[in-house]
file query.cif (mmCIF, C-alpha atoms)
data_final
#
loop_
_atom_site.group_PDB
_atom_site.id
_atom_site.type_symbol
_atom_site.label_atom_id
_atom_site.label_comp_id
_atom_site.auth_asym_id
_atom_site.auth_seq_id
_atom_site.Cartn_x
_atom_site.Cartn_y
_atom_site.Cartn_z
ATOM 1 C CA MET O 1 34.077 -120.181 195.968
ATOM 2 C CA LEU O 2 33.442 -123.451 194.212
ATOM 3 C CA PRO O 3 36.023 -124.778 191.711
ATOM 4 C CA GLY O 4 33.651 -124.311 188.753
ATOM 5 C CA ASP O 5 32.831 -120.696 189.693
ATOM 6 C CA LEU O 6 36.245 -119.366 188.656
ATOM 7 C CA TYR O 7 35.911 -121.075 185.272
ATOM 8 C CA ARG O 8 32.434 -119.545 184.754
ATOM 9 C CA ILE O 9 33.698 -116.065 185.689
ATOM 10 C CA GLN O 10 36.628 -116.362 183.277
ATOM 11 C CA ALA O 11 34.344 -117.657 180.509
ATOM 12 C CA ALA O 12 31.895 -114.787 181.041
ATOM 13 C CA ALA O 13 34.756 -112.255 180.954
ATOM 14 C CA ALA O 14 36.109 -113.784 177.737
ATOM 15 C CA GLN O 15 32.655 -113.727 176.146
ATOM 16 C CA THR O 16 32.179 -110.071 177.124
ATOM 17 C CA GLN O 17 35.597 -109.189 175.684
ATOM 18 C CA HIS O 18 34.811 -111.103 172.471
ATOM 19 C CA HIS O 19 31.481 -109.257 172.147
ATOM 20 C CA ARG O 20 33.215 -105.882 172.659
ATOM 21 C CA GLN O 21 35.829 -106.767 170.016
ATOM 22 C CA GLY O 22 33.028 -107.702 167.641
ATOM 23 C CA GLU O 23 31.371 -104.321 168.185
ATOM 24 C CA GLU O 24 34.657 -102.508 167.600
ATOM 25 C CA PHE O 25 35.290 -104.503 164.425
ATOM 26 C CA TRP O 26 31.818 -103.658 163.103
ATOM 27 C CA ALA O 27 32.235 -99.998 164.031
ATOM 28 C CA THR O 28 35.661 -99.823 162.374
ATOM 29 C CA CYS O 29 34.313 -101.335 159.140
ATOM 30 C CA ALA O 30 31.369 -98.942 159.177
ATOM 31 C CA ALA O 31 33.661 -95.968 159.907
ATOM 32 C CA LEU O 32 35.971 -96.884 157.019
ATOM 33 C CA ASN O 33 32.999 -97.118 154.666
ATOM 34 C CA LEU O 34 31.718 -93.777 155.957
ATOM 35 C CA TYR O 35 35.138 -92.223 155.346
ATOM 36 C CA ARG O 36 35.294 -93.595 151.792
ATOM 37 C CA ARG O 37 31.816 -92.229 151.090
ATOM 38 C CA ALA O 38 32.783 -88.818 152.503
ATOM 39 C CA ARG O 39 35.907 -88.700 150.302
ATOM 40 C CA TYR O 40 33.849 -89.761 147.272
ATOM 41 C CA ARG O 41 31.298 -87.015 147.974
ATOM 42 C CA CYS O 42 34.150 -84.557 148.421
ATOM 43 C CA TRP O 43 35.436 -85.444 144.950
ATOM 44 C CA TRP O 44 31.980 -84.903 143.428
ATOM 45 C CA ALA O 45 31.619 -81.636 145.327
ATOM 46 C CA LYS O 46 34.910 -80.464 143.770
ATOM 47 C CA VAL O 47 33.620 -81.379 140.310
ATOM 48 C CA TRP O 48 30.321 -79.601 140.949
ATOM 49 C CA SER O 49 32.154 -76.567 142.309
ATOM 50 C CA ALA O 50 34.277 -76.394 139.160
ATOM 51 C CA LEU O 51 31.245 -76.755 136.889
ATOM 52 C CA THR O 52 29.187 -74.109 138.667
ATOM 53 C CA ARG O 53 32.215 -71.879 139.337
ATOM 54 C CA ARG O 54 31.238 -71.543 142.970
ATOM 55 C CA PRO O 55 33.920 -71.957 145.603
ATOM 56 C CA GLY O 56 33.447 -75.053 147.714
ATOM 57 C CA ILE O 57 35.861 -74.047 150.425
ATOM 58 C CA LEU O 58 35.467 -73.166 154.068
ATOM 59 C CA LEU O 59 35.647 -69.553 155.144
ATOM 60 C CA ASP O 60 38.848 -68.708 156.986
ATOM 61 C CA LEU O 61 38.312 -67.081 160.372
ATOM 62 C CA ASP O 62 41.694 -65.341 160.208
ATOM 63 C CA ALA O 63 40.760 -63.764 156.846
ATOM 64 C CA VAL O 64 37.419 -62.624 158.286
ATOM 65 C CA ARG O 65 39.233 -61.111 161.277
ATOM 66 C CA ALA O 66 41.602 -59.264 158.946
ATOM 67 C CA ALA O 67 38.778 -58.006 156.687
ATOM 68 C CA CYS O 68 36.481 -56.709 159.441
ATOM 69 C CA THR O 69 36.871 -55.009 162.703
ATOM 70 C CA LEU O 70 35.751 -57.606 165.181
ATOM 71 C CA GLN O 71 34.978 -56.453 168.651
ATOM 72 C CA THR O 72 36.016 -58.335 171.711
ATOM 73 C CA GLY O 73 34.543 -61.760 172.131
ATOM 74 C CA TYR O 74 32.859 -63.441 175.020
ATOM 75 C CA HIS O 75 32.108 -66.982 176.087
ATOM 76 C CA GLY O 76 28.618 -67.855 174.908
ATOM 77 C CA GLY O 77 28.306 -71.025 176.945
ATOM 78 C CA MET O 78 27.230 -74.422 175.700
ATOM 79 C CA ARG O 79 24.432 -74.623 173.182
ATOM 80 C CA THR O 80 23.231 -76.735 170.304
ATOM 81 C CA VAL O 81 24.096 -75.353 166.874
ATOM 82 C CA PRO O 82 22.679 -76.534 163.528
ATOM 83 C CA LEU O 83 25.546 -77.971 161.476
ATOM 84 C CA GLY O 84 24.380 -75.999 158.443
ATOM 85 C CA LEU O 85 25.322 -72.747 160.182
ATOM 86 C CA ILE O 86 28.957 -73.801 160.584
ATOM 87 C CA ARG O 87 30.609 -72.232 157.540
ATOM 88 C CA GLY O 88 34.244 -71.772 158.383
ATOM 89 C CA SER O 89 37.320 -72.801 160.254
ATOM 90 C CA GLU O 90 40.203 -71.379 162.173
ATOM 91 C CA GLY O 91 43.339 -72.655 160.496
ATOM 92 C CA ARG O 92 42.018 -75.898 158.931
ATOM 93 C CA CYS O 93 40.458 -74.661 155.672
ATOM 94 C CA GLN O 94 42.860 -76.765 153.611
ATOM 95 C CA ASP O 95 41.771 -80.003 155.347
ATOM 96 C CA PHE O 96 37.984 -79.863 154.787
ATOM 97 C CA ASP O 97 35.671 -78.579 152.061
ATOM 98 C CA ALA O 98 32.585 -76.427 152.604
ATOM 99 C CA GLY O 99 30.561 -79.521 153.542
ATOM 100 C CA PHE O 100 33.222 -80.534 156.074
ATOM 101 C CA ARG O 101 34.197 -83.525 153.962
ATOM 102 C CA PRO O 102 37.886 -84.489 154.278
ATOM 103 C CA LEU O 103 39.928 -83.073 151.389
ATOM 104 C CA ARG O 104 43.112 -85.021 151.998
ATOM 105 C CA PRO O 105 43.724 -88.555 153.218
ATOM 106 C CA LEU O 106 46.348 -87.232 155.635
ATOM 107 C CA HIS O 107 44.048 -87.363 158.677
ATOM 108 C CA ARG O 108 42.193 -90.563 157.774
ATOM 109 C CA GLU O 109 43.137 -92.465 160.947
ATOM 110 C CA ARG O 110 41.955 -89.671 163.224
ATOM 111 C CA TRP O 111 38.705 -89.306 161.262
ATOM 112 C CA VAL O 112 38.046 -93.055 161.453
ATOM 113 C CA ARG O 113 38.879 -93.186 165.198
ATOM 114 C CA ILE O 114 36.350 -90.436 165.886
ATOM 115 C CA ALA O 115 33.762 -92.145 163.693
ATOM 116 C CA VAL O 116 34.312 -95.431 165.557
ATOM 117 C CA ALA O 117 33.872 -93.627 168.882
ATOM 118 C CA ARG O 118 30.631 -92.042 167.645
ATOM 119 C CA LEU O 119 29.313 -95.361 166.322
ATOM 120 C CA LEU O 120 30.095 -97.009 169.656
ATOM 121 C CA ARG O 121 28.258 -94.111 171.371
ATOM 122 C CA THR O 122 31.358 -92.951 173.216
ATOM 123 C CA LEU O 123 30.911 -89.508 174.722
ATOM 124 C CA LEU O 124 33.167 -86.994 172.976
ATOM 125 C CA PRO O 125 34.007 -83.499 174.221
ATOM 126 C CA PRO O 126 32.023 -80.598 172.758
ATOM 127 C CA VAL O 127 33.466 -78.625 169.875
ATOM 128 C CA ALA O 128 34.611 -75.011 170.234
ATOM 129 C CA LEU O 129 32.954 -72.568 167.843
ATOM 130 C CA ALA O 130 33.288 -68.854 167.200
ATOM 131 C CA LEU O 131 30.223 -66.886 166.088
ATOM 132 C CA VAL O 132 30.865 -64.040 163.650
ATOM 133 C CA GLY O 133 27.665 -62.411 162.416
ATOM 134 C CA ASP O 134 25.362 -65.301 161.578
ATOM 135 C CA ARG O 135 28.110 -67.801 160.758
ATOM 136 C CA TYR O 136 29.940 -70.182 163.039
ATOM 137 C CA PHE O 137 33.617 -71.029 162.674
ATOM 138 C CA VAL O 138 35.195 -74.162 164.116
ATOM 139 C CA VAL O 139 38.031 -73.438 166.508
ATOM 140 C CA ASP O 140 38.406 -76.971 167.868
ATOM 141 C CA GLY O 141 36.618 -80.137 166.764
ATOM 142 C CA HIS O 142 36.946 -80.177 162.975
ATOM 143 C CA HIS O 143 36.970 -83.970 162.720
ATOM 144 C CA ARG O 144 34.018 -84.279 165.108
ATOM 145 C CA ILE O 145 32.021 -81.862 162.923
ATOM 146 C CA SER O 146 33.048 -83.765 159.785
ATOM 147 C CA VAL O 147 32.001 -87.115 161.259
ATOM 148 C CA ALA O 148 28.718 -85.683 162.558
ATOM 149 C CA ARG O 149 27.871 -84.349 159.084
ATOM 150 C CA ALA O 150 28.847 -87.664 157.477
ATOM 151 C CA LEU O 151 26.538 -89.461 159.910
ATOM 152 C CA GLY O 152 23.685 -87.166 158.885
ATOM 153 C CA GLN O 153 23.351 -85.280 162.160
ATOM 154 C CA ALA O 154 21.420 -82.031 161.983
ATOM 155 C CA GLU O 155 23.035 -80.305 164.975
#
call {"tool": "encode", "arguments": {"input": "query.cif", "output": "structure tokens"}}
result
Amino acid sequence: MLPGDLYRIQAAAAQTQHHRQGEEFWATCAALNLYRRARYRCWWAKVWSALTRRPGILLDLDAVRAACTLQTGYHGGMRTVPLGLIRGSEGRCQDFDAGFRPLRPLHRERWVRIAVARLLRTLLPPVALALVGDRYFVVDGHHRISVARALGQAE
């Protein structure tokens, strides 16, 4: 190895790291703006819900289980589901509204971390859903659903 080669390797590594940090900074800024917009839309959805007297809340899977006689479930495998068919949640109804917008700033950091990962095209695990009738309920992956809806994904 020539004496200048080590310097060039270190410079290339530093430039790559600087580029990656720049991408993360951009993604974090974009994720924060996306979160603010989602909270703002959540506020307007609350106002609209009050004006129209329609509930803007997620359906609770536990309440649905208590109200109906659900038969045994089965694993349906992996499939693509339109986000518009996801209407409820298992245990997180107080954290998101019917449009899966964050209701409380309590989980802001987690929401932003997931949004940054999505903006950087990081592969995230699939969400776990339960199908009851024609409606899907989120069992695991509430923040991933919320971020996907905020990003305008269809499914």
call {"tool": "closest_residue", "arguments": {"input": "query.cif", "among": "O:Leu119, O:Cys93, O:Cys29, O:Ala67", "to": "His142 of chain O", "atoms": "all atoms listed in the file"}}
result
O:Cys93
call {"tool": "closest_residue", "arguments": {"input": "query.cif", "among": "O:Ala98, O:Leu106, O:Val81, O:Ala27", "to": "Asp134 of chain O", "atoms": "all atoms listed in the file"}}
result
O:Val81
call {"tool": "residues_around", "arguments": {"input": "query.cif", "residues": "Arg92 of chain O", "least_positions_apart": "6", "cutoff": "10 Å", "atoms": "all atoms listed in the file", "output": "ChimeraX atom specification"}}
result
/O:58-61,138-140,142
call {"tool": "resolve_selection", "arguments": {"input": "query.cif", "expression": "the PyMOL selection byres ((chain O and resi 78) around 10)", "output": "VMD selection string"}}
result
chain O and resid 75 to 77 79 to 81 126 to 129
call {"tool": "residues_around", "arguments": {"input": "query.cif", "residues": "Arg39 of chain O", "least_positions_apart": "5", "cutoff": "9 Å", "atoms": "all atoms listed in the file", "output": "PDB file with C-alpha atoms, keeping the file's coordinate frame"}}
result
ATOM      1  CA  LEU O  34      31.718 -93.777 155.957  1.00  0.00           C
ATOM      2  CA  TRP O  44      31.980 -84.903 143.428  1.00  0.00           C
ATOM      3  CA  ARG O 101      34.197 -83.525 153.962  1.00  0.00           C
ATOM      4  CA  PRO O 102      37.886 -84.489 154.278  1.00  0.00           C
ATOM      5  CA  LEU O 103      39.928 -83.073 151.389  1.00  0.00           C
ATOM      6  CA  ARG O 104      43.112 -85.021 151.998  1.00  0.00           C
ATOM      7  CA  PRO O 105      43.724 -88.555 153.218  1.00  0.00           C
TER       8      PRO O 105
END
call {"tool": "atom_distance", "arguments": {"input": "query.cif", "atom1": "atom CA of Glu23 of chain O", "atom2": "atom CA of Glu109 of chain O"}}
result
18.2 Å
call {"tool": "resolve_selection", "arguments": {"input": "query.cif", "expression": "the PyMOL selection byres ((chain O and resi 117) around 12)", "output": "list in words"}}
result
Glu23, Glu24, Phe25, Trp26, Ala27, Thr28, Ala30, Ala31, Arg110, Trp111, Val112, Arg113, Ile114, Ala115, Val116, Arg118, Leu119, Leu120, Arg121, Thr122, Leu123, Leu124, Pro125, His143, Arg144, Val147 and Ala148 of chain O
call {"tool": "atom_distance", "arguments": {"input": "query.cif", "atom1": "atom CA of Phe137 of chain O", "atom2": "atom CA of Ser89 of chain O"}}
result
4.8 Å
